[in-house]
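Comments concern the structure below.
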Amino acid sequence: MNKTKKINLRSFRELLLVGVVIILCIIWTIMNSQFLSANNISNILRQASYTAIAAVGMTMVIIIGEIDLSAGSLVCAAGLVGAVVCKNTDNVFFSVIAAIAVGAVIGTVNGVLCAIGKLPGFIASLASMTVLRGLAYIVTGGNSVVWSNESFTMIGTGYIVGIPVPVIIMVIIIIFGVILTSKTRFGRYIYSVGGNMEASRWSGIAVEKVKILVYMIMGVLTAIAGLIITTRLGSGQPSAGLNFEMDCITAAVVGGTSMSGGRGKVMGTIVGVLLLTVLTNGMTLVGMNTYWQQVFKGVIIVISVLADTHSKK
């Protein structure tokens, strides 16, 4: 009975968020008829894509009871590596592999510092965030990195059968995230570690291995998001990805992922991403001050955390 009640509460929360997104769409359409234009809908989905991709990984990290503050800096680092490789080799495949490899390495380092080094995820990823951002400015001298390969640019700006490439990538990553967390043994381990780490260890689960793998997945997905952002901008920039990690965390929390670990769903996070993207896009269209956008995001975070606390009680 209790389990059924919890499932119903989570489903109700997701439906409520979907309802809020629909209401926002109606409000923005009334205020600006361009909101529901095909071009703007395409922009919304494209804007949501890179946040959603990284937020899938952030959801897993938060479920295991940790946090990753290095996402924004990793977006920058992976994007710069991809841009540099493309500029020097003019090979899209090598550029993509190099960027993803950076993500995998940094994610693994974060996981090792957290699982083996026993550092809190907050501290481990904060160190990575600072180091990566500093290296980005040192290596580039604060300058942008530009390439000439149009195929590389297509990752962030291209279309396949009329659908933006980033949206296609996003859908693939979402399917991967849903299957991994809800249909596999590893997914059950993720929830178990976040729900009760010591009990998981006594049950025979390799807690350290789970944490490292989750952080590695987070790194890879963030690197993919970084490639999309960089190719959409048309250049690798050392300032890219500022505050990106906060967008991912906000989306996960709004979508029902508990900051204390053990609870959360990928689809809830995706709805959270859509809510934040629609909110931001609509406020921009109607000419609302960008500072108010930050205020509304902060209020949404507070409301979401209070709702999570209340649901636990």
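Residues in the structure tokens are numbered from 1 in each chain, the chains being A, B, ... in the order shown, and ligands are numbered from 1 in the order shown.
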Item to check | Spatial neighbours of stretch 97-111 of chain A, 7 Å, only C-alpha atoms, chain gap at least 4 places, as a VMD selection string | outcome: chain A and resid 74 78 to 79 81 to 82 93 115 124 to 125 211 to 212 215 to 216 218 to 220 222 to 224
Next on the checklist: Quick one: residues within 12 Å of stretch 200-205 of chain A, only C-alpha atoms, excluding same-chain residues fewer than 6 positions away - as a VMD selection string?
Outcome noted: chain A and resid 64 185 to 194 211 262
Restricting it to N, CA and C atoms, dump the selection as a PDB file, in the first residue's frame.
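Written out: part-v4.pdb:
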ATOM      1  N   ILE A  64      22.810   8.550  -6.181  1.00  0.00           N
ATOM      2  CA  ILE A  64      23.759   7.831  -5.322  1.00  0.00           C
ATOM      3  C   ILE A  64      24.176   8.680  -4.112  1.00  0.00           C
ATOM      4  N   ARG A 185      20.362  -4.315 -13.657  1.00  0.00           N
ATOM      5  CA  ARG A 185      20.848  -4.573 -12.294  1.00  0.00           C
ATOM      6  C   ARG A 185      21.671  -3.383 -11.798  1.00  0.00           C
ATOM      7  N   PHE A 186      22.483  -2.811 -12.694  1.00  0.00           N
ATOM      8  CA  PHE A 186      23.294  -1.654 -12.302  1.00  0.00           C
ATOM      9  C   PHE A 186      22.408  -0.493 -11.847  1.00  0.00           C
ATOM     10  N   GLY A 187      21.264  -0.329 -12.521  1.00  0.00           N
ATOM     11  CA  GLY A 187      20.327   0.713 -12.132  1.00  0.00           C
ATOM     12  C   GLY A 187      19.802   0.494 -10.721  1.00  0.00           C
ATOM     13  N   ARG A 188      19.532  -0.758 -10.387  1.00  0.00           N
ATOM     14  CA  ARG A 188      19.059  -1.068  -9.028  1.00  0.00           C
ATOM     15  C   ARG A 188      20.160  -0.804  -8.004  1.00  0.00           C
ATOM     16  N   TYR A 189      21.397  -1.061  -8.407  1.00  0.00           N
ATOM     17  CA  TYR A 189      22.525  -0.773  -7.524  1.00  0.00           C
ATOM     18  C   TYR A 189      22.634   0.732  -7.241  1.00  0.00           C
ATOM     19  N   ILE A 190      22.378   1.536  -8.261  1.00  0.00           N
ATOM     20  CA  ILE A 190      22.451   2.988  -8.100  1.00  0.00           C
ATOM     21  C   ILE A 190      21.485   3.455  -7.014  1.00  0.00           C
ATOM     22  N   TYR A 191      20.254   2.976  -7.093  1.00  0.00           N
ATOM     23  CA  TYR A 191      19.245   3.366  -6.092  1.00  0.00           C
ATOM     24  C   TYR A 191      19.595   2.809  -4.718  1.00  0.00           C
ATOM     25  N   SER A 192      20.120   1.594  -4.703  1.00  0.00           N
ATOM     26  CA  SER A 192      20.461   0.971  -3.432  1.00  0.00           C
ATOM     27  C   SER A 192      21.573   1.731  -2.724  1.00  0.00           C
ATOM     28  N   VAL A 193      22.608   2.104  -3.467  1.00  0.00           N
ATOM     29  CA  VAL A 193      23.734   2.846  -2.887  1.00  0.00           C
ATOM     30  C   VAL A 193      23.267   4.190  -2.349  1.00  0.00           C
ATOM     31  N   GLY A 194      22.397   4.856  -3.093  1.00  0.00           N
ATOM     32  CA  GLY A 194      21.885   6.144  -2.638  1.00  0.00           C
ATOM     33  C   GLY A 194      20.937   6.034  -1.469  1.00  0.00           C
ATOM     34  N   LYS A 211      29.930   3.970  -7.730  1.00  0.00           N
ATOM     35  CA  LYS A 211      30.148   5.419  -7.710  1.00  0.00           C
ATOM     36  C   LYS A 211      31.060   5.867  -8.852  1.00  0.00           C
ATOM     37  N   GLY A 262      18.880   8.204  -3.354  1.00  0.00           N
ATOM     38  CA  GLY A 262      17.977   7.067  -3.299  1.00  0.00           C
ATOM     39  C   GLY A 262      16.690   7.202  -4.089  1.00  0.00           C
TER      40      GLY A 262
END
Next on the checklist: If you run DSSP on the backbone here, which positions in stretch 34-232 of chain A get helix (DSSP H, G or I)? Please write them as a PyMOL selection string.
Outcome noted: chain A and resi 34-36+38-63+71-89+92-115+121-140+150-157+165-183+185-195+197-202+207-232
Next on the checklist: Please extract the residues of stretch 94-287 of chain A with a backbone DSSP assignment of strand (DSSP E or B) and present them as a VMD selection string.
Outcome noted: chain A and resid 145 159 to 160 163 to 164 236
Next on the checklist: Just want the 10 Å neighbourhood of A:Ser304, counted on only C-alpha atoms, with same-chain residues fewer than 6 positions away dropped. Output as a list in words.
Outcome noted: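 Here the qualifying residues turn out to be Thr250, Ala251, Ala252, Val253, Val254, Gly255, Gly256, Thr257, Ser258, Gly298 and His310 of chain A.
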Just-selected residues, C-alpha atoms written as a PDB file, in the first residue's frame:
ATOM      1  CA  THR A 250      17.931  22.386 -10.832  1.00  0.00           C
ATOM      2  CA  ALA A 251      16.309  20.241 -13.536  1.00  0.00           C
ATOM      3  CA  ALA A 252      16.949  17.061 -11.545  1.00  0.00           C
ATOM      4  CA  VAL A 253      15.604  18.525  -8.298  1.00  0.00           C
ATOM      5  CA  VAL A 254      12.553  20.037  -9.997  1.00  0.00           C
ATOM      6  CA  GLY A 255      11.930  16.666 -11.642  1.00  0.00           C
ATOM      7  CA  GLY A 256      11.711  14.943  -8.261  1.00  0.00           C
ATOM      8  CA  THR A 257      15.252  13.671  -7.642  1.00  0.00           C
ATOM      9  CA  SER A 258      15.965  13.774  -3.917  1.00  0.00           C
ATOM     10  CA  GLY A 298      15.822  30.047  -7.393  1.00  0.00           C
ATOM     11  CA  HIS A 310       7.120  17.160   2.606  1.00  0.00           C
TER      12      HIS A 310
END
Checklist entry - A:Leu36: which residues within 12 Å, counting only C-alpha atoms, same-chain residues fewer than 3 positions away excluded, as a list of chain:residue names? => result A:Ile22, A:Leu24, A:Cys25, A:Ile26, A:Ile27, A:Trp28, A:Thr29, A:Ile30, A:Met31, A:Asn32, A:Ser33, A:Asn39, A:Asn40, A:Ile41, A:Ser42, A:Asn43, A:Ile44, A:Val278, A:Asn281, A:Gly282, A:Leu285
With C-alpha atoms retained, export the selected residues as an mmCIF file, in the first residue's frame.
data_model
loop_
_atom_site.group_PDB
_atom_site.id
_atom_site.type_symbol
_atom_site.label_atom_id
_atom_site.label_comp_id
_atom_site.auth_asym_id
_atom_site.auth_seq_id
_atom_site.Cartn_x
_atom_site.Cartn_y
_atom_site.Cartn_z
ATOM 1 C CA ILE A 22 1.413 23.395 -20.753
ATOM 2 C CA LEU A 24 3.383 28.260 -19.383
ATOM 3 C CA CYS A 25 3.105 27.537 -23.108
ATOM 4 C CA ILE A 26 -0.415 28.978 -23.144
ATOM 5 C CA ILE A 27 0.666 32.091 -21.202
ATOM 6 C CA TRP A 28 3.682 32.777 -23.425
ATOM 7 C CA THR A 29 1.610 32.210 -26.585
ATOM 8 C CA ILE A 30 -0.955 34.770 -25.403
ATOM 9 C CA MET A 31 1.814 37.268 -24.634
ATOM 10 C CA ASN A 32 3.757 36.564 -27.837
ATOM 11 C CA SER A 33 2.257 34.637 -30.755
ATOM 12 C CA ASN A 39 11.275 28.021 -35.444
ATOM 13 C CA ASN A 40 10.878 28.758 -31.734
ATOM 14 C CA ILE A 41 9.794 25.211 -30.870
ATOM 15 C CA SER A 42 12.920 23.992 -32.660
ATOM 16 C CA ASN A 43 14.991 26.457 -30.614
ATOM 17 C CA ILE A 44 13.403 25.272 -27.363
ATOM 18 C CA VAL A 278 10.136 26.908 -21.621
ATOM 19 C CA ASN A 281 12.561 31.001 -23.542
ATOM 20 C CA GLY A 282 9.170 32.571 -22.805
ATOM 21 C CA LEU A 285 10.493 36.391 -25.876
#
Next on the checklist: I'd like the contact shell of A:Ala55 - 6 Å cut-off, only C-alpha atoms, skipping same-chain residues fewer than 4 positions apart - returned as a list in words.
Outcome noted: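 The filter keeps Thr51, Thr59 and Cys248 of chain A.
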Checklist entry - At what distance in Å, to one decimal, does atom CA of A:Val305 lie from atom CA of A:Ile217? => result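 The value is 25.2 Å.
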Item to check | Shell of 10 Å around A:Ile173, only C-alpha atoms, local chain residues under 6 positions omitted, as a PyMOL selection string | outcome: chain A and resi 49+52-54+56-57+167+179+221+224
Checklist entry - Which value, in Å to one decimal, gives the distance between atom CA of A:Cys86 and atom CA of A:Leu242? => result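 The value is 23.0 Å.
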